[in-house]
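Chemist: Below is query_36.cif; it holds mmCIF, C-alpha atoms.
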```cif
data_start
loop_
_atom_site.group_PDB
_atom_site.id
_atom_site.type_symbol
_atom_site.label_atom_id
_atom_site.label_comp_id
_atom_site.auth_asym_id
_atom_site.auth_seq_id
_atom_site.Cartn_x
_atom_site.Cartn_y
_atom_site.Cartn_z
ATOM 1 C CA MET A 1386 13.727 -0.667 -26.060
ATOM 2 C CA THR A 1387 15.113 -3.351 -23.779
ATOM 3 C CA GLY A 1388 13.858 -6.944 -23.834
ATOM 4 C CA PRO A 1389 12.319 -6.821 -20.326
ATOM 5 C CA LEU A 1390 10.460 -3.601 -21.139
ATOM 6 C CA GLU A 1391 9.157 -5.106 -24.374
ATOM 7 C CA ARG A 1392 7.922 -8.177 -22.493
ATOM 8 C CA VAL A 1393 6.212 -6.101 -19.798
ATOM 9 C CA LEU A 1394 4.456 -3.896 -22.359
ATOM 10 C CA THR A 1395 3.362 -6.985 -24.305
ATOM 11 C CA ALA A 1396 1.972 -8.511 -21.103
ATOM 12 C CA PHE A 1397 0.052 -5.320 -20.342
ATOM 13 C CA LEU A 1398 -1.315 -5.050 -23.860
ATOM 14 C CA ALA A 1399 -2.597 -8.634 -23.816
ATOM 15 C CA ASP A 1400 -5.543 -7.092 -21.953
ATOM 16 C CA ALA A 1401 -4.883 -3.382 -21.624
ATOM 17 C CA SER A 1402 -7.891 -2.674 -19.411
ATOM 18 C CA ALA A 1403 -7.249 -5.503 -16.949
ATOM 19 C CA PRO A 1404 -5.479 -4.732 -13.666
ATOM 20 C CA ARG A 1405 -2.250 -6.712 -13.352
ATOM 21 C CA TYR A 1406 -0.551 -7.731 -10.130
ATOM 22 C CA GLY A 1407 3.214 -7.856 -9.791
ATOM 23 C CA TYR A 1408 3.336 -11.652 -9.624
ATOM 24 C CA ASP A 1409 1.021 -12.011 -12.640
ATOM 25 C CA LEU A 1410 3.249 -9.690 -14.619
ATOM 26 C CA MET A 1411 6.326 -11.631 -13.515
ATOM 27 C CA LYS A 1412 4.829 -14.816 -14.895
ATOM 28 C CA ALA A 1413 3.489 -13.237 -18.083
ATOM 29 C CA ALA A 1414 6.712 -11.374 -18.857
ATOM 30 C CA ARG A 1415 8.978 -14.142 -17.485
ATOM 31 C CA LEU A 1416 10.905 -11.642 -15.362
ATOM 32 C CA GLN A 1417 12.317 -11.765 -11.855
ATOM 33 C CA SER A 1418 10.972 -9.430 -9.189
ATOM 34 C CA GLY A 1419 14.309 -7.600 -9.111
ATOM 35 C CA THR A 1420 13.892 -6.671 -12.773
ATOM 36 C CA LEU A 1421 10.147 -6.117 -12.871
ATOM 37 C CA TYR A 1422 9.591 -3.737 -9.960
ATOM 38 C CA PRO A 1423 12.242 -1.135 -10.907
ATOM 39 C CA LEU A 1424 10.758 -1.214 -14.410
ATOM 40 C CA LEU A 1425 7.218 -0.712 -13.094
ATOM 41 C CA ALA A 1426 8.400 2.108 -10.836
ATOM 42 C CA ARG A 1427 9.964 3.847 -13.814
ATOM 43 C CA LEU A 1428 6.872 3.403 -15.978
ATOM 44 C CA GLU A 1429 4.792 4.792 -13.122
ATOM 45 C CA ARG A 1430 7.094 7.808 -12.805
ATOM 46 C CA GLU A 1431 6.669 8.413 -16.521
ATOM 47 C CA GLU A 1432 2.871 8.160 -16.009
ATOM 48 C CA LEU A 1433 2.578 5.307 -18.473
ATOM 49 C CA VAL A 1434 1.354 2.993 -15.718
ATOM 50 C CA ALA A 1435 -0.973 3.728 -12.823
ATOM 51 C CA SER A 1436 -1.234 1.663 -9.675
ATOM 52 C CA ALA A 1437 -3.893 1.245 -6.994
ATOM 53 C CA TRP A 1438 -4.582 -0.929 -3.975
ATOM 54 C CA GLU A 1439 -7.332 -3.505 -4.208
ATOM 55 C CA THR A 1440 -9.880 -4.075 -1.479
ATOM 56 C CA PRO A 1441 -9.342 -7.496 0.105
ATOM 57 C CA GLN A 1442 -12.056 -10.004 -0.771
ATOM 58 C CA GLN A 1443 -11.838 -11.957 2.475
ATOM 59 C CA GLU A 1444 -11.232 -11.180 6.109
ATOM 60 C CA GLY A 1445 -7.525 -11.322 6.982
ATOM 61 C CA GLU A 1446 -6.417 -11.142 3.367
ATOM 62 C CA ARG A 1447 -3.711 -8.626 2.550
ATOM 63 C CA PRO A 1448 -4.573 -5.957 -0.008
ATOM 64 C CA ARG A 1449 -2.554 -6.273 -3.194
ATOM 65 C CA LYS A 1450 -1.351 -3.512 -5.429
ATOM 66 C CA TYR A 1451 -2.274 -3.709 -9.066
ATOM 67 C CA TYR A 1452 -1.014 -1.912 -12.140
ATOM 68 C CA ARG A 1453 -2.767 -0.742 -15.262
ATOM 69 C CA LEU A 1454 -1.559 1.052 -18.382
ATOM 70 C CA THR A 1455 -2.765 4.651 -18.598
ATOM 71 C CA ALA A 1456 -4.287 5.902 -21.864
ATOM 72 C CA GLU A 1457 -0.914 7.464 -22.703
ATOM 73 C CA GLY A 1458 0.751 4.197 -21.682
ATOM 74 C CA VAL A 1459 -1.421 2.212 -24.097
ATOM 75 C CA ARG A 1460 -0.559 4.636 -26.893
ATOM 76 C CA VAL A 1461 3.181 4.567 -26.196
ATOM 77 C CA ALA A 1462 3.236 0.788 -25.694
ATOM 78 C CA ARG A 1463 1.435 0.123 -28.998
ATOM 79 C CA LEU A 1464 3.736 2.543 -30.821
ATOM 80 C CA GLU A 1465 6.850 1.035 -29.263
ATOM 81 C CA LEU A 1466 5.873 -2.552 -29.964
ATOM 82 C CA ALA A 1467 4.885 -1.691 -33.533
ATOM 83 C CA GLN A 1468 8.304 -0.082 -34.043
ATOM 84 C CA VAL A 1469 10.052 -3.142 -32.619
ATOM 85 C CA SER A 1470 8.003 -5.402 -34.851
ATOM 86 C CA ALA A 1471 8.766 -3.257 -37.928
ATOM 87 C CA ARG A 1472 12.469 -3.215 -37.084
ATOM 88 C CA SER A 1473 12.588 -6.984 -36.739
ATOM 89 C CA ARG A 1474 10.798 -7.374 -40.114
ATOM 90 C CA ARG A 1475 13.231 -4.972 -41.788
ATOM 91 C CA ALA A 1476 16.288 -6.690 -40.365
ATOM 92 C CA PRO A 1477 17.847 -8.987 -42.984
ATOM 93 C CA ALA A 1478 17.560 -12.670 -42.221
ATOM 94 C CA ARG A 1479 20.850 -14.118 -41.006
ATOM 95 C CA PRO A 1480 22.327 -16.463 -43.543
ATOM 96 C CA GLY A 1481 21.976 -19.904 -42.153
ATOM 97 C CA ARG A 1482 23.760 -23.101 -42.922
ATOM 98 C CA PRO A 1483 22.149 -24.837 -45.928
ATOM 99 C CA ALA A 1484 20.064 -27.860 -45.126
ATOM 100 C CA PRO A 1485 21.867 -31.158 -45.648
ATOM 101 C CA GLY A 1486 21.422 -32.319 -49.212
ATOM 102 C CA SER A 1487 20.040 -28.955 -50.401
ATOM 103 C CA LEU A 1488 23.173 -28.206 -52.399
ATOM 104 C CA GLY A 1489 22.746 -31.237 -54.548
ATOM 105 C CA MET B 635 1.630 -26.559 3.269
ATOM 106 C CA ARG B 636 3.845 -27.733 6.117
ATOM 107 C CA GLY B 637 6.056 -24.997 7.540
ATOM 108 C CA GLU B 638 4.139 -22.361 5.623
ATOM 109 C CA ARG B 639 4.287 -19.851 8.455
ATOM 110 C CA TRP B 640 8.071 -20.152 8.668
ATOM 111 C CA LEU B 641 8.471 -19.863 4.933
ATOM 112 C CA LEU B 642 6.359 -16.721 4.898
ATOM 113 C CA ARG B 643 8.382 -15.330 7.785
ATOM 114 C CA ALA B 644 11.614 -16.007 5.856
ATOM 115 C CA GLY B 645 10.142 -14.334 2.776
ATOM 116 C CA GLU B 646 8.970 -11.345 4.791
ATOM 117 C CA TYR B 647 12.406 -11.054 6.381
ATOM 118 C CA LEU B 648 14.063 -10.893 2.943
ATOM 119 C CA VAL B 649 11.512 -8.372 1.697
ATOM 120 C CA GLY B 650 12.084 -6.337 4.868
ATOM 121 C CA GLN B 651 15.835 -6.357 4.224
ATOM 122 C CA ALA B 652 15.231 -5.179 0.662
ATOM 123 C CA CYS B 653 12.938 -2.388 1.847
ATOM 124 C CA GLU B 654 15.594 -1.183 4.294
ATOM 125 C CA ARG B 655 17.583 -0.163 1.227
ATOM 126 C CA LEU B 656 14.764 1.867 -0.288
ATOM 127 C CA PRO B 657 14.174 5.578 0.225
ATOM 128 C CA ARG B 658 12.166 6.217 3.385
ATOM 129 C CA ASP B 659 9.097 7.590 1.603
ATOM 130 C CA VAL B 660 8.436 4.430 -0.438
ATOM 131 C CA ARG B 661 9.664 1.846 2.063
ATOM 132 C CA GLU B 662 6.389 1.119 3.820
ATOM 133 C CA GLU B 663 4.322 0.902 0.648
ATOM 134 C CA ARG B 664 6.811 -1.367 -1.095
ATOM 135 C CA TYR B 665 6.905 -3.682 1.907
ATOM 136 C CA ARG B 666 3.106 -3.963 1.901
ATOM 137 C CA GLU B 667 3.069 -4.608 -1.835
ATOM 138 C CA TRP B 668 5.821 -7.222 -1.912
ATOM 139 C CA ALA B 669 4.782 -8.985 1.273
ATOM 140 C CA ALA B 670 1.210 -9.294 -0.033
ATOM 141 C CA GLU B 671 2.475 -11.265 -3.039
ATOM 142 C CA LEU B 672 4.233 -13.891 -0.902
ATOM 143 C CA PRO B 673 1.152 -15.950 0.141
ATOM 144 C CA VAL B 674 -0.182 -15.685 -3.411
ATOM 145 C CA ILE B 675 3.021 -17.223 -4.810
ATOM 146 C CA LEU B 676 2.976 -19.876 -2.096
ATOM 147 C CA HIS B 677 -0.579 -20.890 -3.077
ATOM 148 C CA ASP B 678 -0.256 -20.445 -6.823
ATOM 149 C CA PRO B 679 -2.560 -23.149 -8.270
ATOM 150 C CA GLN B 680 -0.640 -23.116 -11.563
ATOM 151 C CA VAL B 681 2.477 -24.491 -9.863
ATOM 152 C CA ARG B 682 1.840 -28.081 -8.908
ATOM 153 C CA PHE B 683 4.667 -28.980 -6.555
ATOM 154 C CA ALA B 684 4.728 -27.364 -3.140
ATOM 155 C CA PRO B 685 8.557 -27.295 -2.822
ATOM 156 C CA TRP B 686 8.768 -25.510 -6.169
ATOM 157 C CA ARG B 687 6.174 -22.963 -5.014
ATOM 158 C CA ALA B 688 8.191 -22.408 -1.821
ATOM 159 C CA ALA B 689 11.393 -21.972 -3.835
ATOM 160 C CA ARG B 690 9.653 -19.503 -6.145
ATOM 161 C CA MET B 691 8.355 -17.512 -3.197
ATOM 162 C CA LEU B 692 11.807 -17.327 -1.593
ATOM 163 C CA GLY B 693 13.358 -16.504 -4.976
ATOM 164 C CA TYR B 694 10.851 -13.684 -5.399
ATOM 165 C CA ALA B 695 11.641 -12.336 -1.938
ATOM 166 C CA ALA B 696 15.412 -12.645 -2.414
ATOM 167 C CA ASP B 697 15.317 -10.918 -5.782
ATOM 168 C CA THR B 698 13.585 -7.865 -4.302
ATOM 169 C CA LEU B 699 17.017 -7.179 -2.746
ATOM 170 C CA ARG B 700 18.414 -6.813 -6.253
ATOM 171 C CA GLY B 701 15.446 -4.685 -7.275
ATOM 172 C CA ALA B 702 15.917 -2.416 -4.256
ATOM 173 C CA ALA B 703 19.604 -2.040 -5.085
ATOM 174 C CA ARG B 704 18.622 -0.779 -8.546
ATOM 175 C CA THR B 705 16.148 1.774 -7.219
ATOM 176 C CA PRO B 706 17.220 5.422 -7.540
ATOM 177 C CA GLY B 707 17.794 7.182 -4.226
ATOM 178 C CA ARG B 708 18.327 3.924 -2.362
ATOM 179 C CA THR B 709 20.172 3.783 0.925
ATOM 180 C CA GLN B 710 22.815 1.201 1.652
ATOM 181 C CA GLY B 711 20.687 -0.224 4.427
ATOM 182 C CA ALA B 712 21.731 -1.173 7.899
ATOM 183 C CA THR B 713 24.849 -3.319 7.625
ATOM 184 C CA ILE B 714 25.993 -5.209 10.659
ATOM 185 C CA LEU B 715 29.621 -5.456 9.501
ATOM 186 C CA SER B 716 32.005 -2.888 8.068
ATOM 187 C CA ARG B 717 33.461 -3.425 4.581
ATOM 188 C CA PRO B 718 36.904 -4.647 5.765
ATOM 189 C CA ALA B 719 35.176 -7.108 8.117
ATOM 190 C CA LEU B 720 32.956 -8.319 5.267
ATOM 191 C CA LEU B 721 36.001 -8.719 3.021
ATOM 192 C CA PHE B 722 37.823 -10.682 5.707
ATOM 193 C CA LEU B 723 34.751 -12.851 6.259
ATOM 194 C CA ALA B 724 34.399 -13.460 2.501
ATOM 195 C CA ILE B 725 38.052 -14.581 2.284
ATOM 196 C CA PHE B 726 37.666 -16.795 5.346
ATOM 197 C CA LEU B 727 34.468 -18.370 4.000
ATOM 198 C CA THR B 728 36.093 -18.887 0.592
ATOM 199 C CA GLY B 729 38.794 -20.860 2.344
ATOM 200 C CA PHE B 730 36.131 -22.824 4.199
ATOM 201 C CA VAL B 731 34.392 -23.649 0.908
ATOM 202 C CA ALA B 732 37.700 -24.664 -0.683
ATOM 203 C CA LEU B 733 38.437 -26.894 2.294
ATOM 204 C CA ASN B 734 35.084 -28.596 1.893
ATOM 205 C CA ILE B 735 35.650 -29.164 -1.824
ATOM 206 C CA TRP B 736 38.953 -30.794 -0.873
ATOM 207 C CA LEU B 737 37.277 -32.904 1.840
ATOM 208 C CA ILE B 738 34.542 -34.009 -0.577
ATOM 209 C CA ALA B 739 37.238 -35.059 -3.043
ATOM 210 C CA LEU B 740 38.868 -37.117 -0.263
ATOM 211 C CA ALA B 741 35.657 -38.622 1.122
ATOM 212 C CA PRO B 742 32.818 -38.275 -1.362
ATOM 213 C CA GLY B 743 30.449 -40.339 0.795
ATOM 214 C CA ASP B 744 30.327 -37.931 3.754
ATOM 215 C CA GLY B 745 27.145 -35.840 3.541
ATOM 216 C CA ARG B 746 28.280 -33.306 6.152
ATOM 217 C CA HIS B 747 30.839 -31.795 3.771
ATOM 218 C CA TYR B 748 28.192 -31.220 1.085
ATOM 219 C CA LEU B 749 26.034 -29.415 3.642
ATOM 220 C CA ASP B 750 29.020 -27.312 4.768
ATOM 221 C CA LEU B 751 29.871 -26.583 1.136
ATOM 222 C CA VAL B 752 26.363 -25.352 0.292
ATOM 223 C CA SER B 753 26.033 -23.246 3.434
ATOM 224 C CA GLY B 754 29.549 -21.854 2.926
ATOM 225 C CA LEU B 755 28.731 -20.922 -0.664
ATOM 226 C CA LEU B 756 25.538 -19.161 0.404
ATOM 227 C CA PHE B 757 27.403 -17.139 3.023
ATOM 228 C CA VAL B 758 30.112 -16.233 0.500
ATOM 229 C CA ALA B 759 27.368 -15.110 -1.884
ATOM 230 C CA LEU B 760 25.771 -13.003 0.845
ATOM 231 C CA CYS B 761 29.127 -11.398 1.689
ATOM 232 C CA ILE B 762 29.816 -10.611 -1.969
ATOM 233 C CA GLY B 763 26.267 -9.295 -2.290
ATOM 234 C CA SER B 764 26.752 -6.980 0.672
ATOM 235 C CA LEU B 765 30.090 -5.803 -0.682
ATOM 236 C CA ALA B 766 28.564 -5.179 -4.118
ATOM 237 C CA HIS B 767 25.415 -3.596 -2.606
ATOM 238 C CA ALA B 768 23.348 -6.596 -3.774
ATOM 239 C CA SER B 769 23.018 -5.309 -7.326
ATOM 240 C CA GLU B 770 24.164 -8.615 -8.765
ATOM 241 C CA ARG B 771 21.902 -11.594 -9.276
ATOM 242 C CA MET B 772 22.096 -14.347 -6.664
ATOM 243 C CA THR B 773 23.225 -16.808 -9.371
ATOM 244 C CA THR B 774 26.079 -14.487 -10.369
ATOM 245 C CA ARG B 775 27.152 -14.167 -6.752
ATOM 246 C CA LEU B 776 27.005 -17.945 -6.276
ATOM 247 C CA ALA B 777 28.963 -18.524 -9.478
ATOM 248 C CA PHE B 778 31.577 -15.994 -8.418
ATOM 249 C CA GLY B 779 31.760 -17.525 -4.925
ATOM 250 C CA THR B 780 32.240 -20.993 -6.429
ATOM 251 C CA GLY B 781 34.948 -19.692 -8.755
ATOM 252 C CA LEU B 782 36.732 -18.055 -5.843
ATOM 253 C CA ALA B 783 36.528 -21.248 -3.816
ATOM 254 C CA PHE B 784 37.998 -23.313 -6.644
ATOM 255 C CA GLU B 785 40.755 -20.755 -7.113
ATOM 256 C CA ALA B 786 41.556 -20.945 -3.394
ATOM 257 C CA GLY B 787 41.604 -24.744 -3.683
ATOM 258 C CA ALA B 788 43.962 -24.594 -6.659
ATOM 259 C CA VAL B 789 46.327 -22.214 -4.831
ATOM 260 C CA TRP B 790 46.226 -24.529 -1.815
ATOM 261 C CA GLN B 791 47.232 -27.414 -4.097
ATOM 262 C CA VAL B 792 50.178 -25.363 -5.358
ATOM 263 C CA VAL B 793 51.282 -24.784 -1.753
ATOM 264 C CA LEU B 794 50.928 -28.483 -0.911
ATOM 265 C CA PHE B 795 52.575 -29.843 -4.064
ATOM 266 C CA PRO B 796 54.894 -27.137 -5.460
ATOM 267 C CA GLY B 797 56.605 -29.573 -7.811
ATOM 268 C CA ASN B 798 53.504 -30.405 -9.847
ATOM 269 C CA TRP B 799 53.095 -28.002 -12.795
ATOM 270 C CA VAL B 800 49.464 -29.069 -13.340
ATOM 271 C CA ASN B 801 48.485 -27.273 -10.110
ATOM 272 C CA TYR B 802 50.082 -24.048 -11.351
ATOM 273 C CA PHE B 803 48.264 -24.456 -14.646
ATOM 274 C CA TRP B 804 44.805 -24.840 -13.030
ATOM 275 C CA ALA B 805 45.424 -22.012 -10.565
ATOM 276 C CA ALA B 806 46.407 -19.734 -13.459
ATOM 277 C CA VAL B 807 43.467 -20.781 -15.664
ATOM 278 C CA LEU B 808 40.932 -20.235 -12.869
ATOM 279 C CA GLY B 809 42.530 -16.980 -11.816
ATOM 280 C CA PHE B 810 42.558 -15.558 -15.332
ATOM 281 C CA THR B 811 38.956 -16.682 -15.919
ATOM 282 C CA LEU B 812 37.787 -14.922 -12.762
ATOM 283 C CA LEU B 813 39.742 -11.786 -13.633
ATOM 284 C CA ALA B 814 38.380 -11.840 -17.197
ATOM 285 C CA ALA B 815 34.810 -12.204 -15.893
ATOM 286 C CA LEU B 816 35.329 -9.291 -13.539
ATOM 287 C CA ARG B 817 36.829 -7.145 -16.293
ATOM 288 C CA VAL B 818 33.970 -7.943 -18.683
ATOM 289 C CA ARG B 819 31.379 -6.966 -16.053
ATOM 290 C CA TRP B 820 33.304 -3.813 -15.209
ATOM 291 C CA PHE B 821 33.540 -2.768 -18.872
ATOM 292 C CA ARG B 822 29.877 -3.548 -19.431
ATOM 293 C CA ARG B 823 28.944 -1.364 -16.494
ATOM 294 C CA LEU B 824 31.230 1.382 -17.737
ATOM 295 C CA LEU B 825 29.930 1.355 -21.297
ATOM 296 C CA GLY B 826 26.359 0.142 -20.833
ATOM 297 C CA PRO B 827 23.310 2.335 -20.201
ATOM 298 C CA SER B 828 22.683 2.968 -16.521
ATOM 299 C CA GLY B 829 19.297 2.174 -15.097
ATOM 300 C CA GLY B 830 17.791 0.808 -18.292
ATOM 301 C CA HIS B 831 15.968 2.550 -21.050
ATOM 302 C CA SER B 832 12.935 4.783 -21.111
ATOM 303 C CA ALA B 833 9.868 3.832 -23.122
ATOM 304 C CA ARG B 834 8.820 7.441 -23.408
ATOM 305 C CA GLN B 835 12.256 8.480 -24.657
ATOM 306 C CA ASP B 836 11.961 5.780 -27.281
ATOM 307 C CA SER B 837 8.611 6.984 -28.481
ATOM 308 C CA ASP B 838 9.690 10.620 -28.551
ATOM 309 C CA HIS B 839 12.568 9.923 -30.919
#
```
Before anything else, please render the file you have as C-alpha cells.

Modeler:
Amino acid sequence: MTGPLERVLTAFLADASAPRYGYDLMKAARLQSGTLYPLLARLEREELVASAWETPQQEGERPRKYYRLTAEGVRVARLELAQVSARSRRAPARPGRPAPGSLG
Amino acid sequence: MRGERWLLRAGEYLVGQACERLPRDVREERYREWAAELPVILHDPQVRFAPWRAARMLGYAADTLRGAARTPGRTQGATILSRPALLFLAIFLTGFVALNIWLIALAPGDGRHYLDLVSGLLFVALCIGSLAHASERMTTRLAFGTGLAFEAGAVWQVVLFPGNWVNYFWAAVLGFTLLAALRVRWFRRLLGPSGGHSARQDSDH
C-alpha cells in the first residue's frame, strides 16, 4: 500500500461514518489535490468509497461533493491498515548510532 | 478578502483547464466538485493569514491539472501551440531567464529583473508542463526550469569567456546534473508501478 493511500484510509477511519469533503481529506491526509482526487476516483471505482452531493445550506452556496467509506471500504481499510501496522512492528529496528557516552 | 472575486476567477480558470483534460463524461461533475471547494479554501478559518489562504486555493486549483493528467482516459486538452512551437518557446524563455539571472548578478538592486526572472520561470514551467502533459508537480517543473536557465547561463559564460576553465566546469556540472535527474525520473517511470496501487488488490493477496 502506498503512503498516500494509507493516509487517506487513516483519515477516513478517524470517523468512518462521517462524510468527508475533498479539502478536508487533503488537510487530514496532508495530500495535494493532484494526488488525492485520482486516489478517490480509484477507490470509488473499486466501490470502497461512495460519493454524494450535499444540499447547500444557504442561498447561493455551491453544493459540495462528499465521500464516505462503504461497508466494504471500512472492512478493507481496517484490514489494510492492520497489515501495515503489523509489518512495521515486525520490521527489525534499524541499528542506530550509540548515544554519546553510552559505550563507556 | 480584497480581490477575492479575481482570485476565485483565477482558481476557476485553472480548474477549468484541468477539466478540459478529463474524459467528457466526468468533466462537468469534476468541475462542479473542484470549483465548489475554492471558496471554502479561501475562507478556511483554520488558516489565519489571508495571503496564505489565497496561495493554498491557487495551489489547489493548479494541482488539479496534475490530478487530471493522472486520470485514466484523459484527453490532452485544447493546446494553443503545437509541440515544436512549445519547445521553441521553452528554449527562448530559458534564454530570457538566463539573461535575467545575468542582469541580476550585474545589478542586484534593480527590482525589474527579479520580476522578469519570476515570470520567465513560471512561463518556462508552464511550457515544460504542457510538453510533459502536466503530469509533473509544479515544483518539479520550476526546479527543472531553473536548472535549465542556469545551464543556459553557464553556456553563455563559456561563449563569452572561452579561456576560463571554470565556466566549462560549471556548464558540465549543471549539464550532467540535469541529465542525471532526467535519467533517474525516466528509469523510475520505467520501473515503477503505473497509476499507483490498489487497496483491494492488497487485501485480496

Chemist: Tell me the residues of chain A close to chain B, meaning within 8 Å using all atoms listed in the file, as a tab-separated table (two decimals) with C-alpha atoms, in the coordinates of the input.

Modeler:
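Output saved as result.tsv:
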```
chain	number	residue	atom	x	y	z
A	1386	MET	CA	13.73	-0.67	-26.06
A	1387	THR	CA	15.11	-3.35	-23.78
A	1390	LEU	CA	10.46	-3.60	-21.14
A	1407	GLY	CA	3.21	-7.86	-9.79
A	1408	TYR	CA	3.34	-11.65	-9.62
A	1417	GLN	CA	12.32	-11.76	-11.86
A	1418	SER	CA	10.97	-9.43	-9.19
A	1419	GLY	CA	14.31	-7.60	-9.11
A	1420	THR	CA	13.89	-6.67	-12.77
A	1421	LEU	CA	10.15	-6.12	-12.87
A	1422	TYR	CA	9.59	-3.74	-9.96
A	1423	PRO	CA	12.24	-1.14	-10.91
A	1427	ARG	CA	9.96	3.85	-13.81
A	1428	LEU	CA	6.87	3.40	-15.98
A	1431	GLU	CA	6.67	8.41	-16.52
A	1447	ARG	CA	-3.71	-8.63	2.55
A	1448	PRO	CA	-4.57	-5.96	-0.01
A	1449	ARG	CA	-2.55	-6.27	-3.19
A	1450	LYS	CA	-1.35	-3.51	-5.43
A	1461	VAL	CA	3.18	4.57	-26.20
A	1462	ALA	CA	3.24	0.79	-25.69
A	1464	LEU	CA	3.74	2.54	-30.82
A	1465	GLU	CA	6.85	1.03	-29.26
```

Chemist: What separation in Å, quoted to one decimal, exists between CA of Ala1401 (chain A) and CA of Leu692 (chain B)?

Modeler: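 Separation between CA of Ala1401 (chain A) and CA of Leu692 (chain B): 29.6 Å.
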
Chemist: Could you tell me which residues the PyMOL selection byres ((chain B and resi 778-792) around 8) returns for this structure, as a list in words?

Modeler: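 So the PyMOL selection byres ((chain B and resi 778-792) around 8) ends up selecting Thr728, Gly729, Val731, Ala732, Leu733, Ile735, Trp736, Leu755, Val758, Ala759, Ile762, Thr774, Arg775, Leu776, Ala777, Val793, Leu794, Phe795, Pro796, Asn798, Asn801, Tyr802, Trp804, Ala805, Leu808, Gly809 and Leu812 of chain B.
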
Chemist: To verify the selection step, state as a list in words which residues the PyMOL selection byres ((chain A and resi 1432-1439) around 8) yields on this input.

Modeler: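 Applying the expression gives Leu1425, Leu1428, Glu1429, Arg1430, Glu1431, Thr1440, Pro1441, Pro1448, Arg1449, Lys1450, Tyr1451, Tyr1452, Arg1453, Leu1454, Thr1455, Ala1456, Glu1457, Gly1458, Val1459 and Val1461 of chain A.
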
Chemist: Separation of CA of Gly637 (chain B) and CA of Leu676 (chain B), in Å?

Modeler: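 So the two atoms, CA of Gly637 (chain B) and CA of Leu676 (chain B), lie 11.3 Å apart.
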
Chemist: One decimal, Å: what's the distance from CA of Pro1389 (chain A) over to CA of Ala1414 (chain A), could you say?

Modeler: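 Going from CA of Pro1389 (chain A) over to CA of Ala1414 (chain A) covers 7.4 Å.
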
Chemist: Please put the answer as JSON: centre and edge lengths, in Å with one decimal, of a box along x, y and z that encloses all listed atoms of region 1450-1468 of chain A plus 3 Å on each side.

Modeler:
```
{"center_x": 2.0, "center_y": 1.9, "center_z": -19.7, "size_x": 18.6, "size_y": 17.2, "size_z": 34.6}
```
